[in-house]
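Text of final.csv, listed as CSV, C-alpha atoms and all ligand atoms:
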```
chain,number,residue,atom,x,y,z
A,15,MET,CA,0.0,0.0,0.0
A,16,GLU,CA,1.2,3.5,-0.9
A,17,THR,CA,1.3,6.7,1.0
A,18,PHE,CA,-1.9,8.7,0.9
A,19,PRO,CA,-3.4,11.8,2.3
A,20,THR,CA,-5.9,11.6,5.2
A,21,ALA,CA,-8.9,13.5,6.3
A,22,ALA,CA,-6.8,15.3,8.9
A,23,MET,CA,-4.5,16.5,6.1
A,24,ALA,CA,-1.5,15.2,8.1
A,25,ASP,CA,-0.2,13.9,4.9
A,26,TRP,CA,-1.6,15.9,2.0
A,27,PRO,CA,-0.9,14.2,-1.3
A,28,THR,CA,2.8,13.8,-1.9
A,29,THR,CA,4.4,14.6,-5.2
A,30,ASP,CA,4.9,10.9,-5.8
A,31,TRP,CA,1.3,10.0,-4.9
A,32,LYS,CA,0.0,12.8,-7.3
A,33,ARG,CA,2.2,11.6,-10.1
A,34,ARG,CA,1.0,8.0,-9.8
A,35,PHE,CA,-2.6,9.1,-9.4
A,36,ARG,CA,-2.5,11.2,-12.6
A,37,ARG,CA,-0.8,8.5,-14.6
A,38,ARG,CA,-3.3,5.8,-13.6
A,39,LEU,CA,-6.4,8.1,-13.9
A,40,LEU,CA,-5.4,9.3,-17.4
A,41,ALA,CA,-4.5,5.8,-18.7
A,42,TRP,CA,-7.9,4.6,-17.5
A,43,PHE,CA,-9.8,7.6,-19.0
A,44,ARG,CA,-8.1,7.1,-22.5
A,45,ARG,CA,-9.2,3.5,-22.4
A,46,ALA,CA,-12.7,3.7,-20.7
A,47,ALA,CA,-14.1,7.1,-21.4
A,48,ARG,CA,-17.6,7.3,-22.9
A,49,ASP,CA,-17.7,8.7,-26.4
A,50,LEU,CA,-19.9,11.7,-25.8
A,51,ALA,CA,-20.7,14.3,-28.5
A,52,TRP,CA,-19.4,17.2,-26.3
A,53,ARG,CA,-16.1,15.4,-25.8
A,54,ARG,CA,-15.3,15.6,-29.5
A,55,THR,CA,-14.9,19.3,-29.5
A,56,ARG,CA,-12.9,22.0,-27.7
A,57,ASP,CA,-15.1,24.8,-29.1
A,58,PRO,CA,-15.9,27.0,-26.0
A,59,TYR,CA,-19.5,27.6,-27.1
A,60,ARG,CA,-20.2,23.8,-27.4
A,61,VAL,CA,-18.3,23.1,-24.1
A,62,TRP,CA,-20.4,25.8,-22.4
A,63,VAL,CA,-23.7,24.5,-23.8
A,64,SER,CA,-22.9,21.0,-22.6
A,65,GLU,CA,-21.7,22.1,-19.2
A,66,ILE,CA,-24.9,24.1,-18.6
A,67,MET,CA,-27.1,21.2,-19.8
A,68,LEU,CA,-25.3,18.7,-17.6
A,69,GLN,CA,-26.0,20.6,-14.4
A,70,GLN,CA,-28.7,18.6,-12.6
A,71,THR,CA,-29.3,16.5,-15.7
A,72,GLN,CA,-28.4,13.0,-16.7
A,73,VAL,CA,-25.9,12.3,-19.5
A,74,ALA,CA,-28.5,10.3,-21.5
A,75,THR,CA,-30.9,13.2,-21.5
A,76,VAL,CA,-28.3,15.7,-22.5
A,77,SER,CA,-27.2,13.4,-25.3
A,78,ASP,CA,-30.6,14.0,-26.9
A,79,TYR,CA,-30.9,17.7,-26.3
A,80,PHE,CA,-27.3,18.7,-27.1
A,81,PRO,CA,-27.3,18.1,-30.9
A,82,ARG,CA,-30.9,19.6,-31.3
A,83,PHE,CA,-29.9,22.7,-29.4
A,84,LEU,CA,-26.8,23.2,-31.5
A,85,ALA,CA,-28.7,22.6,-34.7
A,86,ALA,CA,-31.1,25.5,-33.6
A,87,PHE,CA,-28.3,27.7,-32.3
A,88,PRO,CA,-25.0,26.7,-33.9
A,89,ASP,CA,-23.0,29.5,-32.3
A,90,VAL,CA,-23.0,32.4,-29.8
A,91,ALA,CA,-24.3,34.8,-32.4
A,92,ALA,CA,-27.3,32.6,-33.3
A,93,LEU,CA,-28.1,32.2,-29.6
A,94,ALA,CA,-27.9,35.9,-28.9
A,95,ALA,CA,-30.1,36.7,-31.9
A,96,ALA,CA,-32.8,34.2,-30.9
A,97,THR,CA,-35.8,35.2,-28.8
A,98,GLU,CA,-35.9,33.9,-25.3
A,99,GLU,CA,-39.1,32.0,-26.1
A,100,SER,CA,-37.4,30.0,-28.9
A,101,VAL,CA,-34.5,29.2,-26.6
A,102,LEU,CA,-36.9,28.0,-23.9
A,103,ARG,CA,-38.8,25.9,-26.6
A,104,GLN,CA,-35.5,24.1,-27.4
A,105,TRP,CA,-34.9,23.6,-23.7
A,106,GLU,CA,-38.4,22.4,-23.0
A,107,GLY,CA,-38.3,19.2,-20.9
A,108,LEU,CA,-34.8,19.7,-19.6
A,109,GLY,CA,-36.0,21.5,-16.5
A,110,TYR,CA,-34.3,24.3,-14.5
A,111,TYR,CA,-35.2,26.8,-17.1
A,112,ARG,CA,-33.3,29.6,-15.4
A,113,ARG,CA,-30.2,27.9,-17.0
A,114,ALA,CA,-31.6,28.6,-20.5
A,115,ARG,CA,-32.6,32.2,-19.8
A,116,GLN,CA,-29.2,32.9,-18.3
A,117,MET,CA,-27.4,31.3,-21.3
A,118,HIS,CA,-29.4,33.5,-23.6
A,119,ARG,CA,-28.4,36.6,-21.6
A,120,ALA,CA,-24.8,35.5,-21.5
A,121,ALA,CA,-24.8,35.1,-25.3
A,122,GLY,CA,-25.9,38.7,-25.5
A,123,VAL,CA,-23.0,39.8,-23.2
A,124,ILE,CA,-20.5,37.9,-25.3
A,125,GLU,CA,-21.8,39.5,-28.5
A,126,ASN,CA,-21.9,43.0,-27.0
A,127,GLU,CA,-18.9,43.1,-24.7
A,128,HIS,CA,-16.5,40.5,-26.2
A,129,ALA,CA,-17.1,41.1,-29.9
A,130,GLY,CA,-18.8,37.7,-30.2
A,131,ARG,CA,-15.7,35.7,-29.0
A,132,PHE,CA,-16.1,33.6,-26.0
A,133,PRO,CA,-13.7,35.1,-23.3
A,134,ARG,CA,-10.6,33.1,-22.4
A,135,GLU,CA,-9.8,34.5,-19.0
A,136,ILE,CA,-11.3,32.8,-16.1
A,137,ASP,CA,-12.4,36.1,-14.4
A,138,ALA,CA,-14.2,37.2,-17.6
A,139,ILE,CA,-15.9,33.8,-18.0
A,140,ARG,CA,-17.1,34.0,-14.4
A,141,THR,CA,-18.8,37.3,-14.9
A,142,LEU,CA,-21.2,35.8,-17.5
A,143,PRO,CA,-24.7,35.2,-16.3
A,144,GLY,CA,-25.2,31.6,-15.0
A,145,ILE,CA,-21.5,30.7,-14.8
A,146,GLY,CA,-20.2,29.8,-11.4
A,147,ARG,CA,-16.8,28.6,-10.3
A,148,TYR,CA,-17.3,25.0,-11.5
A,149,THR,CA,-18.6,25.9,-14.9
A,150,ALA,CA,-15.9,28.5,-15.5
A,151,GLY,CA,-13.2,26.0,-14.5
A,152,ALA,CA,-14.7,23.4,-16.8
A,153,ILE,CA,-14.9,25.7,-19.8
A,154,ALA,CA,-11.4,27.3,-19.2
A,155,SER,CA,-9.7,23.9,-18.8
A,156,ILE,CA,-11.5,22.0,-21.5
A,157,ALA,CA,-11.7,24.7,-24.2
A,158,PHE,CA,-8.5,26.6,-23.4
A,159,ASP,CA,-6.4,24.1,-21.4
A,160,ALA,CA,-6.2,26.6,-18.6
A,161,ARG,CA,-4.8,25.2,-15.3
A,162,GLN,CA,-8.2,25.5,-13.5
A,163,PRO,CA,-9.7,23.0,-11.1
A,164,ILE,CA,-13.3,21.8,-11.1
A,165,LEU,CA,-15.5,20.5,-8.3
A,166,GLU,CA,-19.0,19.1,-8.8
A,167,ALA,CA,-21.1,16.3,-7.4
A,168,ASN,CA,-19.0,13.5,-8.9
A,169,THR,CA,-15.6,15.0,-7.9
A,170,VAL,CA,-16.8,16.0,-4.5
A,171,ARG,CA,-17.4,12.3,-3.8
A,172,LEU,CA,-14.3,11.1,-5.4
A,173,LEU,CA,-11.9,13.6,-3.8
A,174,SER,CA,-13.5,13.1,-0.4
A,175,ARG,CA,-12.8,9.5,-0.7
A,176,LEU,CA,-9.2,10.1,-1.9
A,177,VAL,CA,-8.5,11.9,1.4
A,178,VAL,CA,-11.1,10.2,3.6
A,179,PHE,CA,-12.7,13.5,4.3
A,180,ARG,CA,-15.3,12.9,7.0
A,181,GLY,CA,-16.7,16.4,7.4
A,182,ASP,CA,-19.5,17.9,5.4
A,183,PRO,CA,-18.2,18.6,1.8
A,184,HIS,CA,-21.0,21.2,1.3
A,185,GLN,CA,-20.0,23.4,4.2
A,186,ALA,CA,-17.5,26.3,3.5
A,187,ALA,CA,-14.6,24.5,5.2
A,188,GLY,CA,-15.2,21.3,3.3
A,189,LYS,CA,-15.6,23.1,0.0
A,190,GLU,CA,-12.4,25.0,0.5
A,191,LEU,CA,-10.5,21.9,1.3
A,192,LEU,CA,-11.8,20.0,-1.7
A,193,TRP,CA,-11.2,23.0,-4.1
A,194,SER,CA,-7.6,23.1,-2.8
A,195,LEU,CA,-7.2,19.4,-3.4
A,196,ALA,CA,-8.7,19.7,-6.9
A,197,GLU,CA,-6.2,22.4,-7.7
A,198,GLU,CA,-3.3,20.5,-6.2
A,199,LEU,CA,-3.9,17.4,-8.3
A,200,LEU,CA,-3.9,19.2,-11.6
A,201,PRO,CA,-1.1,18.4,-14.0
A,202,ARG,CA,0.9,21.1,-15.6
A,203,ARG,CA,-0.8,20.6,-19.0
A,204,GLY,CA,-3.8,18.7,-20.2
A,205,CYS,CA,-6.0,20.0,-17.4
A,206,GLY,CA,-9.2,19.7,-19.5
A,207,GLU,CA,-8.7,16.0,-20.1
A,208,PHE,CA,-7.6,15.5,-16.5
A,209,ASN,CA,-10.8,17.2,-15.1
A,210,GLN,CA,-13.0,15.2,-17.4
A,211,ALA,CA,-11.2,12.0,-16.3
A,212,LEU,CA,-11.9,12.9,-12.6
A,213,MET,CA,-15.6,13.4,-13.4
A,214,GLU,CA,-15.8,10.3,-15.4
A,215,LEU,CA,-14.2,8.2,-12.7
A,216,GLY,CA,-16.6,9.7,-10.1
A,217,SER,CA,-19.6,9.1,-12.4
A,218,LEU,CA,-18.8,5.5,-13.6
A,219,VAL,CA,-16.7,3.9,-10.9
A,220,CYS,CA,-16.7,5.9,-7.7
A,221,THR,CA,-20.4,6.0,-7.5
A,222,PRO,CA,-22.5,7.1,-4.4
A,223,ARG,CA,-23.4,3.6,-3.4
A,224,GLN,CA,-21.4,0.5,-3.9
A,225,PRO,CA,-18.5,2.0,-5.8
A,226,SER,CA,-16.7,-0.4,-8.1
A,227,CYS,CA,-13.4,-0.3,-6.2
A,228,CYS,CA,-12.2,-3.6,-7.7
A,229,ASP,CA,-12.4,-2.0,-11.2
A,230,CYS,CA,-11.0,1.4,-10.0
A,231,PRO,CA,-7.6,2.4,-11.6
A,232,VAL,CA,-6.6,4.2,-8.3
A,233,MET,CA,-7.6,1.5,-5.9
A,234,ALA,CA,-4.1,1.0,-4.7
A,235,LEU,CA,-3.8,4.7,-3.9
A,236,CYS,CA,-7.2,5.0,-2.1
A,237,PRO,CA,-7.3,5.1,1.7
A,238,THR,CA,-11.1,4.9,1.7
A,239,TYR,CA,-10.9,1.5,0.0
A,240,ARG,CA,-8.1,0.4,2.3
A,241,ASP,CA,-10.1,1.2,5.4
A,242,GLY,CA,-13.5,-0.1,3.9
A,243,LEU,CA,-15.1,3.3,4.4
A,244,HIS,CA,-16.7,3.9,1.0
A,245,GLU,CA,-20.2,3.7,2.5
A,246,LEU,CA,-19.4,6.3,5.1
A,247,VAL,CA,-17.5,8.8,3.0
A,248,PRO,CA,-18.5,11.4,2.0
A,249,LEU,CA,-21.1,12.4,4.5
A,250,VAL,CA,-24.5,12.3,2.9
A,251,ARG,CA,-27.0,15.0,3.7
A,252,ARG,CA,-30.5,13.6,4.5
A,253,LYS,CA,-33.0,14.8,2.0
A,254,PRO,CA,-36.3,16.2,3.4
A,255,PRO,CA,-39.2,13.7,2.9
A,256,ALA,CA,-41.2,14.2,-0.3
A,257,GLU,CA,-44.4,16.3,0.2
A,258,ALA,CA,-47.6,15.4,-1.6
A,259,VAL,CA,-49.5,18.4,-3.0
A,260,ARG,CA,-52.6,18.7,-5.1
A,261,GLU,CA,-52.8,21.3,-7.9
A,262,ALA,CA,-55.2,22.2,-10.7
A,263,ALA,CA,-54.5,23.2,-14.3
A,264,VAL,CA,-57.5,24.6,-16.2
A,265,VAL,CA,-58.0,24.7,-19.9
A,266,VAL,CA,-60.1,27.8,-20.5
A,267,ARG,CA,-61.9,27.6,-23.8
A,268,ARG,CA,-63.1,30.6,-25.8
A,269,ARG,CA,-64.1,30.6,-29.5
A,270,GLY,CA,-61.9,27.6,-30.3
A,271,ARG,CA,-58.9,29.1,-28.5
A,272,VAL,CA,-57.4,28.3,-25.1
A,273,LEU,CA,-55.9,30.6,-22.5
A,274,LEU,CA,-52.2,30.5,-21.7
A,275,LEU,CA,-50.3,32.7,-19.4
A,276,ARG,CA,-46.6,33.2,-19.1
A,277,ARG,CA,-45.0,32.2,-15.8
A,278,GLY,CA,-42.9,34.8,-14.0
A,279,GLU,CA,-39.2,34.4,-14.0
A,280,ARG,CA,-39.1,33.3,-10.4
A,281,GLY,CA,-40.3,29.9,-9.4
A,282,ARG,CA,-41.0,26.8,-11.3
A,283,TRP,CA,-40.9,26.8,-15.1
A,284,GLY,CA,-39.9,30.5,-15.1
A,285,GLY,CA,-40.5,32.1,-18.5
A,286,LEU,CA,-42.5,29.2,-19.9
A,287,TRP,CA,-46.2,29.4,-20.9
A,288,ASP,CA,-48.7,27.3,-19.0
A,289,PHE,CA,-52.4,26.8,-18.5
A,290,PRO,CA,-53.7,28.6,-15.4
A,291,ARG,CA,-52.3,26.4,-12.6
A,292,PHE,CA,-52.6,26.7,-8.8
A,293,ALA,CA,-52.8,24.8,-5.6
A,294,LEU,CA,-56.1,23.1,-4.7
A,295,PRO,CA,-57.4,22.4,-1.3
A,296,THR,CA,-57.3,18.8,-0.2
A,297,PRO,CA,-60.3,16.8,-1.2
A,298,GLY,CA,-63.3,17.3,1.0
A,299,ASP,CA,-62.0,20.7,2.0
A,300,GLY,CA,-64.4,22.9,0.1
A,301,ASP,CA,-65.9,22.8,-3.4
A,302,THR,CA,-63.5,22.1,-6.2
A,303,ALA,CA,-65.6,24.1,-8.8
A,304,ASP,CA,-65.4,27.2,-6.6
A,305,ALA,CA,-61.7,26.6,-6.1
A,306,LEU,CA,-61.3,26.4,-9.9
A,307,VAL,CA,-63.2,29.6,-10.5
A,308,ALA,CA,-61.3,31.5,-7.8
A,309,GLY,CA,-57.9,30.1,-8.9
A,310,VAL,CA,-58.3,31.2,-12.6
A,311,ASP,CA,-59.8,34.5,-11.5
A,312,SER,CA,-56.9,35.4,-9.2
A,313,LEU,CA,-54.3,34.5,-11.8
A,314,THR,CA,-55.9,36.0,-14.9
A,315,GLY,CA,-59.0,38.1,-14.0
A,316,VAL,CA,-61.0,35.8,-16.3
A,317,LEU,CA,-64.2,34.3,-14.9
A,318,VAL,CA,-65.0,30.8,-16.0
A,319,ARG,CA,-67.5,28.0,-15.8
A,320,PRO,CA,-66.0,24.6,-15.0
A,321,LEU,CA,-67.2,21.9,-17.4
A,322,ARG,CA,-65.5,18.6,-16.6
A,323,GLN,CA,-62.2,17.0,-15.5
A,324,LEU,CA,-60.0,16.0,-18.4
A,325,THR,CA,-57.4,13.9,-16.7
A,326,THR,CA,-55.0,13.6,-13.7
A,327,LEU,CA,-51.3,13.8,-14.2
A,328,LYS,CA,-48.8,12.9,-11.5
A,329,HIS,CA,-45.2,14.2,-11.5
A,330,SER,CA,-42.5,15.3,-9.1
A,331,VAL,CA,-40.7,18.6,-8.9
A,332,THR,CA,-37.8,18.9,-6.4
A,333,ARG,CA,-39.3,17.4,-3.2
A,334,PHE,CA,-42.9,17.7,-4.2
A,335,ARG,CA,-45.0,14.9,-5.4
A,336,ILE,CA,-47.7,16.6,-7.4
A,337,THR,CA,-51.1,15.3,-8.3
A,338,LEU,CA,-52.3,17.7,-11.1
A,339,ASP,CA,-56.1,17.6,-11.7
A,340,CYS,CA,-56.7,19.0,-15.2
A,341,HIS,CA,-60.0,20.6,-15.9
A,342,LEU,CA,-61.9,22.0,-18.9
A,343,ALA,CA,-63.8,25.3,-18.4
A,344,GLU,CA,-65.4,27.8,-20.6
A,345,TYR,CA,-64.9,31.6,-20.7
A,346,VAL,CA,-67.6,33.7,-19.1
A,347,SER,CA,-66.2,37.2,-18.9
A,348,ARG,CA,-63.2,39.2,-17.9
A,349,ARG,CA,-63.2,41.5,-14.9
A,350,ARG,CA,-62.3,45.1,-15.6
A,351,GLY,CA,-59.3,46.4,-13.7
A,352,ASN,CA,-58.5,42.8,-12.8
A,353,GLY,CA,-55.2,43.8,-11.1
A,354,THR,CA,-53.2,41.0,-12.8
A,355,SER,CA,-50.1,41.8,-14.7
A,356,ALA,CA,-49.7,38.3,-16.1
A,357,GLU,CA,-48.8,38.1,-19.8
A,358,MET,CA,-51.7,36.1,-21.4
A,359,ALA,CA,-52.5,34.7,-24.9
A,360,TRP,CA,-55.5,33.0,-26.5
A,361,VAL,CA,-54.1,30.3,-28.6
A,362,ALA,CA,-55.6,27.8,-31.1
A,363,PRO,CA,-54.6,24.3,-30.1
A,364,ALA,CA,-52.8,23.8,-33.4
A,365,GLU,CA,-50.5,26.8,-32.5
A,366,LEU,CA,-49.5,25.4,-29.0
A,367,ASP,CA,-46.4,23.8,-30.6
A,368,ALA,CA,-44.8,27.2,-31.0
A,369,TYR,CA,-45.0,28.0,-27.2
A,370,PRO,CA,-42.5,26.6,-24.7
A,371,LEU,CA,-44.6,24.7,-22.1
A,372,SER,CA,-43.9,22.8,-18.9
A,373,VAL,CA,-43.9,19.0,-19.4
A,374,THR,CA,-47.4,18.7,-17.9
A,375,GLY,CA,-48.5,21.7,-20.0
A,376,ARG,CA,-47.3,19.9,-23.1
A,377,LYS,CA,-49.1,16.7,-22.2
A,378,LEU,CA,-52.3,18.6,-21.6
A,379,GLY,CA,-51.8,20.6,-24.8
A,380,ARG,CA,-51.5,17.3,-26.8
A,381,LEU,CA,-54.6,16.0,-25.1
A,382,ILE,CA,-56.7,18.9,-26.2
A,383,SER,CA,-55.1,19.0,-29.7
A,384,ASP,CA,-56.2,15.4,-30.1
A,385,GLY,CA,-59.8,16.7,-29.6
A,386,THR,CA,-60.3,15.3,-26.1
B,1,LIG,S1,-11.0,2.7,-4.7
B,1,LIG,FE1,-13.2,2.8,-4.5
B,1,LIG,S2,-13.6,4.5,-3.1
B,1,LIG,FE2,-11.5,4.7,-3.8
B,1,LIG,S3,-11.6,6.1,-5.5
B,1,LIG,FE3,-11.7,4.1,-6.4
B,1,LIG,S4,-13.9,3.6,-6.5
B,1,LIG,FE4,-13.7,5.4,-5.1
```

What would you get if you wrote out this structure as structure tokens?
Amino acid sequence: METFPTAAMADWPTTDWKRRFRRRLLAWFRRAARDLAWRRTRDPYRVWVSEIMLQQTQVATVSDYFPRFLAAFPDVAALAAATEESVLRQWEGLGYYRRARQMHRAAGVIENEHAGRFPREIDAIRTLPGIGRYTAGAIASIAFDARQPILEANTVRLLSRLVVFRGDPHQAAGKELLWSLAEELLPRRGCGEFNQALMELGSLVCTPRQPSCCDCPVMALCPTYRDGLHELVPLVRRKPPAEAVREAAVVVRRRGRVLLLRRGERGRWGGLWDFPRFALPTPGDGDTADALVAGVDSLTGVLVRPLRQLTTLKHSVTRFRITLDCHLAEYVSRRRGNGTSAEMAWVAPAELDAYPLSVTGRKLGRLISDGT
């Protein structure tokens, strides 16, 4: 067994340990790395798009969206020139829509303040909307081979295990320690490949539960494996229990069109269009028809007559398990001075395709387009 660092940092990685670690990691990566579309390029725009998409999203999902997004917006100029709505339409289904809105804004900044060229310097990259320390380090190292570290979920876990860090990696002290380690491990050149190798090892081998230590290229260097601590390191924060909520979405019909409203930038599905949607009281706790009328009125100032329930959709958002009762209602009138500032549109079902909708909004849109 070789010398390795410990959680107490009594023996922070030695030069010899780092050399062996890099050599083994890179040899493994060149042999075992997945062939992913964004790994075939060093174009900063493409690296940026992939890094933003990969935040909170599975590789398999991004593999579908990445080529479609690039076909729609092949470069920074195309993204900057697009409407926010068309960007959100391409992003539809990926979730965390703030990412798309910030990318769109950042493209405008690159066009206006950097003459359309993606900035190379880490400080300039970090000033772009939606780009934090991790994303800036990933873009700078992968696209420009800058000697910049990265730290995200996979590498937090991997690096914690490489030094048996038993504290909370999400607290300031833990983060500082792991960022220092990420920086310390970097080779002199080829940092983009090295960073990707770290993430790949964390993603494929050093997994949250039951890591494949026997297939791990750095097993002989790993104190967590030696001490059988891989189920205890890193410290896992308990997630709050899921909360069941009941909501309604109302398709309001008027002369062959349906009512959509644009969701505010804050909150779920910010910037997307949706059918009027709101929380419902629990069953038995008041009249659903009254709740539907009041809910649509408060959001839009439109008075409706509920007709019938169309369907029920179940889905989860963050820690909420949502039961969405979808209703059909007809337009009655609109209150004057209704006090709502919501952006609204009456849309023919055949035109819904042009609007970015939430996943449930799209399902409901398809249902009414099919003539249900
Ligand atoms: S030996 Fe196991 S715990 Fe250590 S880095 Fe490899 S997979 Fe992770």

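Taking only C-alpha atoms and all ligand atoms into account, the residues that come within 8 Å of ligand LIG 1 (chain B) are Arg171, Leu172, Leu173, Arg175, Leu176, Leu215, Gly216, Val219, Cys220, Thr221, Pro225, Ser226, Cys227, Cys228, Asp229, Cys230, Pro231, Val232, Met233, Ala234, Leu235, Cys236, Pro237, Thr238, Tyr239, Arg240, Leu243 and His244 of chain A.
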
With only C-alpha atoms counted, which protein, DNA or RNA residues have an atom no more than 10 Å from (-29.8, 34.2, -29.3) in the file frame? Please answer as a short mmCIF file (atom, residue, chain, number, x, y, z; two decimals) with C-alpha atoms, keeping the file's coordinate frame.
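To be explicit, this is the file written out as part_10.cif:
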```cif
data_model
loop_
_atom_site.label_atom_id
_atom_site.label_comp_id
_atom_site.auth_asym_id
_atom_site.auth_seq_id
_atom_site.Cartn_x
_atom_site.Cartn_y
_atom_site.Cartn_z
CA ALA A 86 -31.10 25.50 -33.60
CA PHE A 87 -28.30 27.70 -32.30
CA ASP A 89 -23.00 29.50 -32.30
CA VAL A 90 -23.00 32.40 -29.80
CA ALA A 91 -24.30 34.80 -32.40
CA ALA A 92 -27.30 32.60 -33.30
CA LEU A 93 -28.10 32.20 -29.60
CA ALA A 94 -27.90 35.90 -28.90
CA ALA A 95 -30.10 36.70 -31.90
CA ALA A 96 -32.80 34.20 -30.90
CA THR A 97 -35.80 35.20 -28.80
CA GLU A 98 -35.90 33.90 -25.30
CA SER A 100 -37.40 30.00 -28.90
CA VAL A 101 -34.50 29.20 -26.60
CA MET A 117 -27.40 31.30 -21.30
CA HIS A 118 -29.40 33.50 -23.60
CA ARG A 119 -28.40 36.60 -21.60
CA ALA A 120 -24.80 35.50 -21.50
CA ALA A 121 -24.80 35.10 -25.30
CA GLY A 122 -25.90 38.70 -25.50
CA GLU A 125 -21.80 39.50 -28.50
#
```

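Interatomic distance, atom CA of A:His184 to atom CA of A:Thr169: 12.3 Å.
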
Give me, as a tab-separated table, the closest atom pair and its distance (Å, one decimal) for every residue of stretch 181-257 of chain A within a cut-off of 10 Å of stretch 140-154 of chain A, counting only C-alpha atoms, rows sorted by chain and rising number.
```
residue	atom	partner	partner_atom	distance
A:Trp193	CA	A:Tyr148	CA	9.8
A:Cys205	CA	A:Ala154	CA	9.3
A:Gly206	CA	A:Ala152	CA	7.2
A:Asn209	CA	A:Ala152	CA	7.5
A:Gln210	CA	A:Ala152	CA	8.4
```

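Counting all atoms listed in the file, the residue from A:Ala256, A:Leu50, A:Leu275, A:Ile139 that sits nearest to A:Phe80 is A:Leu50.
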
Shell around A:Leu273 at 10 Å using all atoms listed in the file, local window under 3 positions removed, as a list in words: Val264, Val265, Val266, Arg267, Arg268, Trp287, Asp288, Phe289, Pro290, Thr314, Val316, Tyr345, Met358, Ala359, Trp360, Val361, Ala362 and Pro363 of chain A

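Among the candidates A:Leu68, A:Ala263, A:Ala368, A:Ala187, the residue lying nearest to A:Asn168 is A:Leu68 (atoms considered: all atoms listed in the file).
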
All residues 10 Å or closer to stretch 342-344 of chain A, all atoms listed in the file, same chain fewer than 5 positions away omitted, as a list in words: Ala263, Val264, Val265, Val266, Arg267, Arg268, Arg269, Val272, Ala303, Leu306, Val307, Val310, Leu317, Val318, Arg319, Pro320, Leu321, Arg322, Gln323, Leu324, Thr325, Ile382 and Thr386 of chain A

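Minimum atom-to-atom distances from A:Pro255, A:Gly270, A:Gly309, A:Pro201 to A:Thr29 were compared using all atoms listed in the file, and the lowest value belongs to A:Pro201.
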
Dig up all the protein and nucleic acid residues within 12 Å of (-1.8, 4.0, -13.3) in the file frame, using all atoms listed in the file, and format them as a PDB file with C-alpha atoms, in the frame of the given file.
```pdb
ATOM      1  CA  TRP A  31       1.300  10.000  -4.900  1.00  0.00           C
ATOM      2  CA  LYS A  32       0.000  12.800  -7.300  1.00  0.00           C
ATOM      3  CA  ARG A  33       2.200  11.600 -10.100  1.00  0.00           C
ATOM      4  CA  ARG A  34       1.000   8.000  -9.800  1.00  0.00           C
ATOM      5  CA  PHE A  35      -2.600   9.100  -9.400  1.00  0.00           C
ATOM      6  CA  ARG A  36      -2.500  11.200 -12.600  1.00  0.00           C
ATOM      7  CA  ARG A  37      -0.800   8.500 -14.600  1.00  0.00           C
ATOM      8  CA  ARG A  38      -3.300   5.800 -13.600  1.00  0.00           C
ATOM      9  CA  LEU A  39      -6.400   8.100 -13.900  1.00  0.00           C
ATOM     10  CA  LEU A  40      -5.400   9.300 -17.400  1.00  0.00           C
ATOM     11  CA  ALA A  41      -4.500   5.800 -18.700  1.00  0.00           C
ATOM     12  CA  TRP A  42      -7.900   4.600 -17.500  1.00  0.00           C
ATOM     13  CA  PHE A  43      -9.800   7.600 -19.000  1.00  0.00           C
ATOM     14  CA  ARG A  44      -8.100   7.100 -22.500  1.00  0.00           C
ATOM     15  CA  ARG A  45      -9.200   3.500 -22.400  1.00  0.00           C
ATOM     16  CA  CYS A 230     -11.000   1.400 -10.000  1.00  0.00           C
ATOM     17  CA  PRO A 231      -7.600   2.400 -11.600  1.00  0.00           C
ATOM     18  CA  VAL A 232      -6.600   4.200  -8.300  1.00  0.00           C
ATOM     19  CA  MET A 233      -7.600   1.500  -5.900  1.00  0.00           C
ATOM     20  CA  ALA A 234      -4.100   1.000  -4.700  1.00  0.00           C
ATOM     21  CA  LEU A 235      -3.800   4.700  -3.900  1.00  0.00           C
TER      22      LEU A 235
END
```

Point-to-point distance in Å for atom CA of A:Leu84 and atom CA of A:His329: 28.6 Å

Atom CA of A:Glu257 to atom CA of A:Ile336, straight-line distance in Å: 8.3 Å

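For the set A:Asp57, A:Asp311, A:Asp339, A:Asp304, the residue with the smallest atom-to-atom gap to A:Pro133 is A:Asp57, counting all atoms listed in the file.
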
Contact residues around A:Trp52 with all atoms listed in the file at 12 Å, ignoring same-chain residues under 6 positions, as a PyMOL selection string: chain A and resi 58-68+73+76-81+84+153+156-157+210
